[in-house]
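Structure data (compact mmCIF, C-alpha atoms) from my_file-v5.txt:
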```
# COMPACT_ATOMS: atom_id res chain seq x y z
CA MET I 828 26.94 14.58 -10.76
CA GLY I 829 25.56 12.74 -13.77
CA LYS I 830 23.05 14.49 -15.97
CA LEU I 831 19.85 12.76 -17.03
CA GLU I 832 19.78 12.64 -20.82
CA VAL I 833 16.41 11.84 -22.39
CA PRO I 834 16.93 10.17 -25.79
CA GLU I 835 14.89 11.37 -28.73
CA ILE I 836 12.47 8.63 -29.74
CA ASP I 837 11.74 8.16 -33.44
CA TYR I 838 7.95 8.05 -33.20
CA THR I 839 7.63 7.97 -36.99
CA ARG I 840 8.61 4.27 -36.90
CA TYR I 841 5.36 3.38 -35.13
CA THR I 842 1.72 3.78 -36.02
CA ASN I 843 -0.78 5.25 -33.58
CA ARG I 844 -2.29 1.81 -33.04
CA GLN I 845 1.09 0.36 -32.16
CA LEU I 846 1.77 3.13 -29.67
CA ALA I 847 -1.62 2.78 -27.98
CA ALA I 848 -1.61 -1.03 -27.93
CA VAL I 849 0.79 -1.45 -24.99
CA PRO I 850 -0.88 0.96 -22.51
CA LEU I 851 -4.34 -0.32 -23.46
CA ALA I 852 -3.23 -3.93 -22.93
CA VAL I 853 -1.78 -3.04 -19.51
CA LEU I 854 -4.99 -1.19 -18.63
CA ALA I 855 -7.12 -4.20 -19.64
CA PHE I 856 -4.95 -6.51 -17.51
CA ALA I 857 -5.24 -4.12 -14.54
CA LEU I 858 -9.04 -4.05 -14.89
CA LEU I 859 -9.08 -7.86 -14.88
CA ILE I 860 -7.09 -7.87 -11.64
CA LEU I 861 -9.53 -5.42 -10.06
CA ALA I 862 -12.46 -7.56 -11.22
CA GLY I 863 -10.81 -10.57 -9.59
CA GLY I 864 -10.29 -8.52 -6.42
CA TYR I 865 -14.00 -7.71 -6.37
CA LEU I 866 -14.85 -11.41 -6.50
CA VAL I 867 -12.42 -12.18 -3.65
CA TYR I 868 -12.84 -9.17 -1.33
CA GLY I 869 -16.24 -7.80 -2.31
CA SER I 870 -14.47 -4.61 -3.46
CA PRO I 871 -11.91 -4.00 -6.23
CA VAL I 872 -9.14 -3.56 -3.63
CA ALA I 873 -8.83 -5.10 -0.17
CA LEU I 874 -9.98 -2.60 2.45
CA GLY I 875 -7.75 -1.64 5.36
CA MET I 876 -8.88 -1.06 8.93
CA ASP I 877 -9.70 2.59 8.16
CA PHE I 878 -12.52 1.46 5.87
CA ALA I 879 -13.41 -2.08 6.99
CA GLY I 880 -13.20 -1.45 10.73
CA GLY I 881 -11.28 -3.49 13.28
CA THR I 882 -8.72 -3.24 16.05
CA GLU I 883 -4.99 -2.54 15.89
CA LEU I 884 -2.68 -3.32 18.80
CA THR I 885 0.92 -2.23 19.23
CA ILE I 886 2.41 -4.79 21.60
CA GLU I 887 5.80 -5.30 23.20
CA THR I 888 6.58 -8.88 24.16
CA THR I 889 9.37 -11.42 24.32
CA ALA I 890 7.19 -13.89 22.37
CA SER I 891 7.99 -14.79 18.78
CA GLU I 892 5.79 -13.78 15.87
CA SER I 893 4.21 -17.24 15.66
CA GLU I 894 3.46 -17.14 19.41
CA VAL I 895 1.82 -13.74 19.00
CA GLU I 896 -0.44 -15.14 16.27
CA SER I 897 -1.59 -18.03 18.47
CA ALA I 898 -2.15 -15.93 21.61
CA PHE I 899 -5.66 -14.82 20.66
CA SER I 900 -9.03 -16.58 20.43
CA VAL I 901 -9.55 -14.94 17.01
CA GLU I 902 -6.98 -15.10 14.25
CA PRO I 903 -5.27 -11.76 13.55
CA GLU I 904 -5.59 -10.25 10.09
CA SER I 905 -1.86 -9.47 10.15
CA VAL I 906 1.12 -9.48 12.49
CA GLN I 907 3.97 -7.16 11.56
CA ALA I 908 7.26 -6.84 13.41
CA ILE I 909 8.41 -3.24 13.85
CA GLN I 910 11.84 -3.05 12.24
CA ALA I 911 13.02 -0.03 14.20
CA ALA I 912 12.25 -1.54 17.63
CA ASP I 913 13.02 -4.91 19.18
CA ASN I 914 10.22 -7.13 20.49
CA GLN I 915 7.46 -4.90 19.14
CA TYR I 916 4.65 -5.92 16.81
CA ILE I 917 1.63 -4.35 15.17
CA VAL I 918 -1.30 -6.77 15.26
CA GLN I 919 -4.50 -6.08 13.32
CA PHE I 920 -7.89 -7.76 13.74
CA ALA I 921 -11.12 -7.66 11.81
CA PRO I 922 -14.16 -6.34 13.75
CA THR I 923 -14.72 -8.79 16.61
CA ASP I 924 -16.51 -9.02 19.95
CA ALA I 925 -13.44 -10.51 21.66
CA ASP I 926 -11.43 -8.22 23.94
CA VAL I 927 -8.12 -8.75 22.16
CA SER I 928 -6.34 -6.17 24.31
CA ASP I 929 -7.07 -8.14 27.49
CA GLU I 930 -6.09 -11.39 25.74
CA ALA I 931 -2.71 -9.90 24.77
CA GLU I 932 -2.03 -8.86 28.37
CA ALA I 933 -3.06 -12.27 29.71
CA ASN I 934 -1.37 -14.54 27.16
CA LEU I 935 1.87 -12.77 26.24
CA GLU I 936 4.93 -12.11 28.36
CA PRO I 937 5.99 -8.44 28.71
CA VAL I 938 9.55 -7.34 28.04
CA SER I 939 9.85 -5.95 31.58
CA GLU I 940 7.76 -5.89 34.73
CA ASP I 941 7.46 -2.11 34.55
CA ARG I 942 5.65 -2.12 31.20
CA GLY I 943 2.56 -3.91 29.98
CA VAL I 944 2.29 -5.89 26.78
CA VAL I 945 -0.14 -3.53 25.00
CA GLN I 946 1.51 -0.18 24.26
CA LEU I 947 -1.23 1.24 22.01
CA SER I 948 -4.73 0.16 21.04
CA ALA I 949 -6.97 1.64 18.33
CA THR I 950 -10.43 0.45 17.30
CA THR I 951 -12.52 1.51 14.31
CA SER I 952 -16.17 0.46 14.09
CA ALA I 953 -17.47 -1.07 10.87
CA SER I 954 -20.06 1.72 10.46
CA PHE I 955 -17.43 4.45 10.89
CA GLY I 956 -15.18 2.65 8.42
CA ALA I 957 -17.99 2.50 5.86
CA GLY I 958 -18.55 6.24 6.26
CA ALA I 959 -14.84 6.94 5.84
CA GLN I 960 -14.78 4.73 2.75
CA GLN I 961 -17.65 6.65 1.19
CA THR I 962 -15.96 9.99 1.93
CA ALA I 963 -12.65 8.81 0.45
CA LEU I 964 -14.34 7.53 -2.72
CA LEU I 965 -16.20 10.82 -3.08
CA GLY I 966 -12.89 12.64 -2.73
CA LEU I 967 -11.28 10.51 -5.44
CA GLY I 968 -14.30 10.96 -7.70
CA ALA I 969 -14.39 14.73 -7.14
CA ALA I 970 -10.66 15.01 -7.89
CA PHE I 971 -11.07 13.03 -11.12
CA VAL I 972 -14.14 14.99 -12.25
CA GLY I 973 -12.41 18.28 -11.41
CA MET I 974 -9.36 17.22 -13.42
CA SER I 975 -11.61 16.32 -16.39
CA ILE I 976 -13.39 19.67 -16.28
CA LEU I 977 -10.06 21.49 -16.10
CA ALA I 978 -8.82 19.61 -19.18
CA PHE I 979 -11.89 20.60 -21.22
CA ILE I 980 -11.64 24.24 -20.07
CA LEU I 981 -7.94 24.48 -20.98
CA PHE I 982 -8.07 22.91 -24.45
CA ARG I 983 -11.76 23.18 -25.46
CA SER I 984 -11.34 20.29 -27.86
CA PHE I 985 -12.74 16.82 -27.42
CA VAL I 986 -9.80 14.60 -28.40
CA PRO I 987 -7.00 16.38 -26.45
CA SER I 988 -9.24 16.53 -23.38
CA VAL I 989 -10.22 12.86 -23.67
CA ALA I 990 -6.53 11.97 -24.05
CA ILE I 991 -5.80 13.58 -20.66
CA VAL I 992 -8.77 11.89 -18.99
CA ALA I 993 -7.96 8.46 -20.46
CA SER I 994 -4.34 8.72 -19.39
CA ALA I 995 -5.28 9.80 -15.86
CA PHE I 996 -7.83 6.98 -15.59
CA SER I 997 -5.21 4.41 -16.51
CA ASP I 998 -2.70 6.03 -14.14
CA LEU I 999 -5.22 5.45 -11.33
CA VAL I 1000 -6.31 1.92 -12.27
CA ILE I 1001 -2.81 0.45 -12.65
CA PRO I 1002 -1.65 1.35 -9.09
CA LEU I 1003 -4.95 -0.02 -7.73
CA ALA I 1004 -4.25 -3.32 -9.47
CA PHE I 1005 -0.70 -3.26 -8.12
CA MET I 1006 -2.13 -2.86 -4.61
CA ASN I 1007 -3.98 -6.15 -5.08
CA ILE I 1008 -0.85 -7.90 -6.31
CA ALA I 1009 1.33 -6.48 -3.51
CA ASN I 1010 -1.36 -7.08 -0.86
CA ILE I 1011 -1.55 -3.38 0.06
CA PRO I 1012 -4.97 -2.55 1.55
CA LEU I 1013 -6.86 0.62 0.71
CA SER I 1014 -6.61 3.07 3.60
CA LEU I 1015 -6.78 6.81 4.16
CA GLY I 1016 -3.02 6.98 3.61
CA THR I 1017 -3.04 5.08 0.32
CA VAL I 1018 -5.99 7.17 -0.90
CA ALA I 1019 -3.77 10.23 -0.37
CA GLY I 1020 -1.16 8.56 -2.59
CA LEU I 1021 -3.78 7.94 -5.29
CA LEU I 1022 -4.83 11.60 -5.18
CA LEU I 1023 -1.19 12.59 -5.69
CA ILE I 1024 -1.05 10.34 -8.75
CA ILE I 1025 -3.98 12.23 -10.30
CA GLY I 1026 -2.07 15.47 -9.79
CA TYR I 1027 1.13 14.08 -11.32
CA SER I 1028 -0.84 12.70 -14.27
CA VAL I 1029 -2.57 15.97 -15.06
CA ASP I 1030 0.73 17.84 -14.83
CA SER I 1031 2.58 15.67 -17.36
CA ASP I 1032 -0.38 15.38 -19.75
CA ILE I 1033 -1.06 19.12 -19.82
CA LEU I 1034 2.66 19.72 -20.40
CA LEU I 1035 2.61 17.47 -23.48
CA ASN I 1036 -0.69 18.83 -24.83
CA ASN I 1037 0.38 22.43 -24.32
CA HIS I 1038 3.70 21.97 -26.19
CA ILE I 1039 2.06 20.21 -29.13
CA LEU I 1040 -1.15 22.23 -29.51
CA ARG I 1041 -0.22 25.74 -28.39
CA ARG I 1042 3.44 26.23 -29.21
CA GLY I 1043 4.81 26.75 -32.67
CA GLY I 1044 7.30 24.56 -34.46
CA ASP I 1045 7.41 21.07 -35.87
CA PHE I 1046 5.16 18.50 -34.21
CA TYR I 1047 7.97 16.12 -33.31
CA GLU I 1048 10.31 18.89 -32.13
CA SER I 1049 7.58 20.21 -29.82
CA SER I 1050 6.92 16.68 -28.62
CA HIS I 1051 10.57 16.07 -27.79
CA ARG I 1052 10.81 19.31 -25.80
CA ALA I 1053 7.82 18.27 -23.73
CA ILE I 1054 9.09 14.70 -23.33
CA ARG I 1055 12.53 15.86 -22.23
CA THR I 1056 11.04 18.06 -19.51
CA GLY I 1057 8.31 15.64 -18.48
CA VAL I 1058 10.48 12.52 -18.31
CA THR I 1059 13.13 14.36 -16.27
CA MET I 1060 10.49 15.50 -13.77
CA THR I 1061 8.82 12.10 -13.53
CA VAL I 1062 11.99 10.03 -13.23
CA THR I 1063 13.25 12.37 -10.51
CA SER I 1064 9.99 11.93 -8.60
CA MET I 1065 10.11 8.15 -9.09
CA SER I 1066 13.62 8.05 -7.64
CA ALA I 1067 12.48 10.05 -4.60
CA MET I 1068 9.49 7.75 -4.05
CA LEU I 1069 11.63 4.63 -4.33
CA VAL I 1070 14.12 5.99 -1.79
CA MET I 1071 11.24 6.84 0.55
CA ALA I 1072 9.79 3.33 0.22
CA ILE I 1073 13.16 1.69 0.94
CA ALA I 1074 13.82 3.94 3.94
CA ALA I 1075 10.30 3.34 5.30
CA TRP I 1076 10.77 -0.43 4.90
CA ALA I 1077 14.07 -0.29 6.79
CA LEU I 1078 12.44 1.70 9.61
CA GLY I 1079 9.31 -0.46 9.68
CA VAL I 1080 6.90 2.36 8.66
CA GLU I 1081 4.50 0.30 6.57
CA LEU I 1082 2.18 3.13 5.50
CA LEU I 1083 4.98 5.30 4.08
CA MET I 1084 6.44 2.27 2.33
CA SER I 1085 3.05 1.53 0.75
CA ILE I 1086 2.56 5.14 -0.37
CA GLY I 1087 6.07 5.23 -1.84
CA LEU I 1088 5.50 2.02 -3.82
CA ILE I 1089 2.07 3.15 -5.05
CA LEU I 1090 3.47 6.48 -6.23
CA PHE I 1091 6.44 4.77 -7.90
CA VAL I 1092 4.14 2.44 -9.85
CA GLY I 1093 1.71 5.26 -10.64
CA LEU I 1094 4.49 7.47 -12.00
CA ALA I 1095 5.87 4.60 -14.09
CA ALA I 1096 2.36 4.09 -15.49
CA ASP I 1097 2.16 7.82 -16.19
CA LEU I 1098 5.32 7.66 -18.31
CA MET I 1099 3.77 4.91 -20.41
CA ASN I 1100 0.32 6.46 -20.71
CA THR I 1101 1.46 10.02 -21.39
CA TYR I 1102 4.13 9.29 -24.00
CA LEU I 1103 2.41 6.37 -25.72
CA LEU I 1104 -1.37 6.58 -25.26
CA ASN I 1105 -1.76 10.35 -24.95
CA PHE I 1106 0.84 10.98 -27.65
CA SER I 1107 -0.86 8.63 -30.13
CA LEU I 1108 -4.23 10.38 -29.62
CA LEU I 1109 -2.65 13.81 -30.05
CA ARG I 1110 -0.84 12.76 -33.21
CA TRP I 1111 -4.04 11.35 -34.67
CA TYR I 1112 -5.85 14.57 -33.76
CA LYS I 1113 -3.12 16.79 -35.21
CA PHE I 1114 -2.67 14.99 -38.55
CA GLU I 1115 -6.00 13.27 -39.13
CA GLY I 1116 -8.68 14.53 -36.76
CA ILE I 1117 -8.43 18.24 -37.59
CA ALA I 1118 -8.26 17.54 -41.31
CA ARG I 1119 -11.63 15.80 -41.31
```
File written out as structure tokens:
Amino acid sequence: MGKLEVPEIDYTRYTNRQLAAVPLAVLAFALLILAGGYLVYGSPVALGMDFAGGTELTIETTASESEVESAFSVEPESVQAIQAADNQYIVQFAPTDADVSDEAEANLEPVSEDRGVVQLSATTSASFGAGAQQTALLGLGAAFVGMSILAFILFRSFVPSVAIVASAFSDLVIPLAFMNIANIPLSLGTVAGLLLIIGYSVDSDILLNNHILRRGGDFYESSHRAIRTGVTMTVTSMSAMLVMAIAAWALGVELLMSIGLILFVGLAADLMNTYLLNFSLLRWYKFEGIAR
């Protein structure tokens, strides 16, 4: 098996401003996308049925996808063919007074006489969705605040702690912007993926800070040791997430595919933010900040 070799980057060729410029530019672009999403959806990211409410039908019919779309008095939010099963679709609707389950049974042909068209029906009220949304946001906020407190307790210095918080914030914002671009709605499942990204971010940032600030040796030698370990861990996790997303796409499991893609993008953002943004702040702190 091939061994992952992490090349040693000559950071001395770049100033701190040059290192921080790229991640800050990407962060600014991601914030613009989220601002645009707020104007379009009324929230930074489009909300899934878990948070916005609505009805989801799993149907089995001989009709085509276009025929499924036109079978209801209200237009579906989405119609997705299930890859792992023939003649099956997942149809989602925004909150509506229409009985879409009865309409599916009346307007679509079943695959066989022994089975109905609607195999599974799930409805979430708008008020319940709003409550779930508030709980999920509180969970994300609590995780972020807890991570920030942990950073300050571990290092007890302003700049290293802020470097961890800034990196984690960017690691969270960039996948959210990607969700808008990829048309992935915010749901309980994708929130779980975002929480995992916070954990990954803290892990890699603390690894870098700990090697540079607490271990002896030359600054750049300590940095390379941390980078070699951190990049190996992150690239391995990215590979696993990409494989999961591809497998979920092949099997038609949309939620797992979305989580895999979100984690892949979040981990890629973490590589950039940890070893450019966080590193530049630590180098400034080590050579300039402490001396002042």
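Using all atoms listed in the file, the contacts of region 1005-1016 of chain I at a cut-off of 6 Å, with sequence neighbours closer than 4 positions omitted, comprise I:Val872, I:Ala873, I:Leu874, I:Gly875, I:Asp877.
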Discussion item. Would you compute the distance between CA of Tyr1102 (chain I) and CA of Asp1032 (chain I)? Give it in Å to one decimal.
Written reply: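 Straight-line distance from CA of Tyr1102 (chain I) to CA of Asp1032 (chain I) works out to 8.7 Å.
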Practice prompt. Would you work out the distance separating CA of Phe899 (chain I) from CA of Gly869 (chain I), expressed in Å to one decimal?
Written response: 26.2 Å
Per residue of region 856-888 of chain I within 10 Å of region 912-935 of chain I, record the nearest atom pair and its distance in Å to one decimal, counting all atoms listed in the file, with rows in chain order and ascending residue number, as a tab-separated table.
```
residue	atom	partner	partner_atom	distance
I:Gly875	CA	I:Ala921	CA	9.4
I:Met876	CA	I:Ala921	CA	7.5
I:Ala879	CA	I:Ala921	CA	7.7
I:Gly880	CA	I:Pro922	CA	5.8
I:Gly881	CA	I:Pro922	CA	4.1
I:Thr882	CA	I:Phe920	CA	5.1
I:Glu883	CA	I:Gln919	CA	4.4
I:Leu884	CA	I:Val918	CA	5.1
I:Thr885	CA	I:Ile917	CA	4.6
I:Ile886	CA	I:Tyr916	CA	5.4
I:Glu887	CA	I:Gln915	CA	4.4
I:Thr888	CA	I:Asn914	CA	5.5
```
May I have the selected residues written with C-alpha atoms, as a PDB file, in the coordinates of the input?
```
ATOM      1  CA  GLY I 875      -7.750  -1.640   5.360  1.00  0.00           C
ATOM      2  CA  MET I 876      -8.880  -1.060   8.930  1.00  0.00           C
ATOM      3  CA  ALA I 879     -13.410  -2.080   6.990  1.00  0.00           C
ATOM      4  CA  GLY I 880     -13.200  -1.450  10.730  1.00  0.00           C
ATOM      5  CA  GLY I 881     -11.280  -3.490  13.280  1.00  0.00           C
ATOM      6  CA  THR I 882      -8.720  -3.240  16.050  1.00  0.00           C
ATOM      7  CA  GLU I 883      -4.990  -2.540  15.890  1.00  0.00           C
ATOM      8  CA  LEU I 884      -2.680  -3.320  18.800  1.00  0.00           C
ATOM      9  CA  THR I 885       0.920  -2.230  19.230  1.00  0.00           C
ATOM     10  CA  ILE I 886       2.410  -4.790  21.600  1.00  0.00           C
ATOM     11  CA  GLU I 887       5.800  -5.300  23.200  1.00  0.00           C
ATOM     12  CA  THR I 888       6.580  -8.880  24.160  1.00  0.00           C
TER      13      THR I 888
END
```
Worksheet item: For Ser1028 (chain I), which of I:Glu1081, I:Asp1045, I:Asp1097, I:Asp837 is the closest residue, counting all atoms listed in the file?
Response: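 Ranking I:Glu1081, I:Asp1045, I:Asp1097, I:Asp837 by distance to Ser1028 (chain I), first place goes to I:Asp1097.
Nearest-residue note for Ala959 (chain I): choosing from I:Leu858, I:Asn1105, I:Phe878, I:Glu904, the minimum distance belongs to I:Phe878, counting all atoms listed in the file.
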Item to complete: Work out how far CA of Ile1033 (chain I) is from CA of Gly966 (chain I), in Å to one decimal.
Response: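 So the two atoms, CA of Gly966 (chain I) and CA of Ile1033 (chain I), lie 21.8 Å apart.
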Worksheet item: Using all atoms listed in the file, what residues lie at most 10 Å away from (11.4, 3.9, -4.7) (file coordinates), given as an NGL selection string?
Response: :I and (1064-1074 or 1084 or 1086-1092)
Worksheet item: Taking all atoms listed in the file into account, which of I:Trp1076, I:Phe1046, I:Tyr841, I:Tyr868 comes nearest Leu1109 (chain I)?
Response: I:Phe1046
Discussion item. Counting all atoms listed in the file, I want the residues whose atoms come within 6 Å of (-0.4, 4.6, -23.3) in the file frame, returned as number ranges by chain.
Written reply: I: 847, 850, 1099-1100, 1103-1104
Discussion item. Applying 9 Å and all atoms listed in the file, which residues near region 971-973 of chain I remain after dropping the ones on its own chain fewer than 6 positions away? List them as number ranges by chain.
Written reply: I: 992, 995-996, 1022, 1025
Worksheet item: Could you pull the residues within 7 Å of Gln910 (chain I), counting all atoms listed in the file, minus those fewer than 4 positions along the same chain, as a ChimeraX atom specification?
Response: /I:1077-1079
Restricting it to C-alpha atoms, dump the selection as a compact mmCIF listing (two decimals), in the coordinates of the input.
```txt
# COMPACT_ATOMS: atom_id res chain seq x y z
CA ALA I 1077 14.07 -0.29 6.79
CA LEU I 1078 12.44 1.70 9.61
CA GLY I 1079 9.31 -0.46 9.68
```
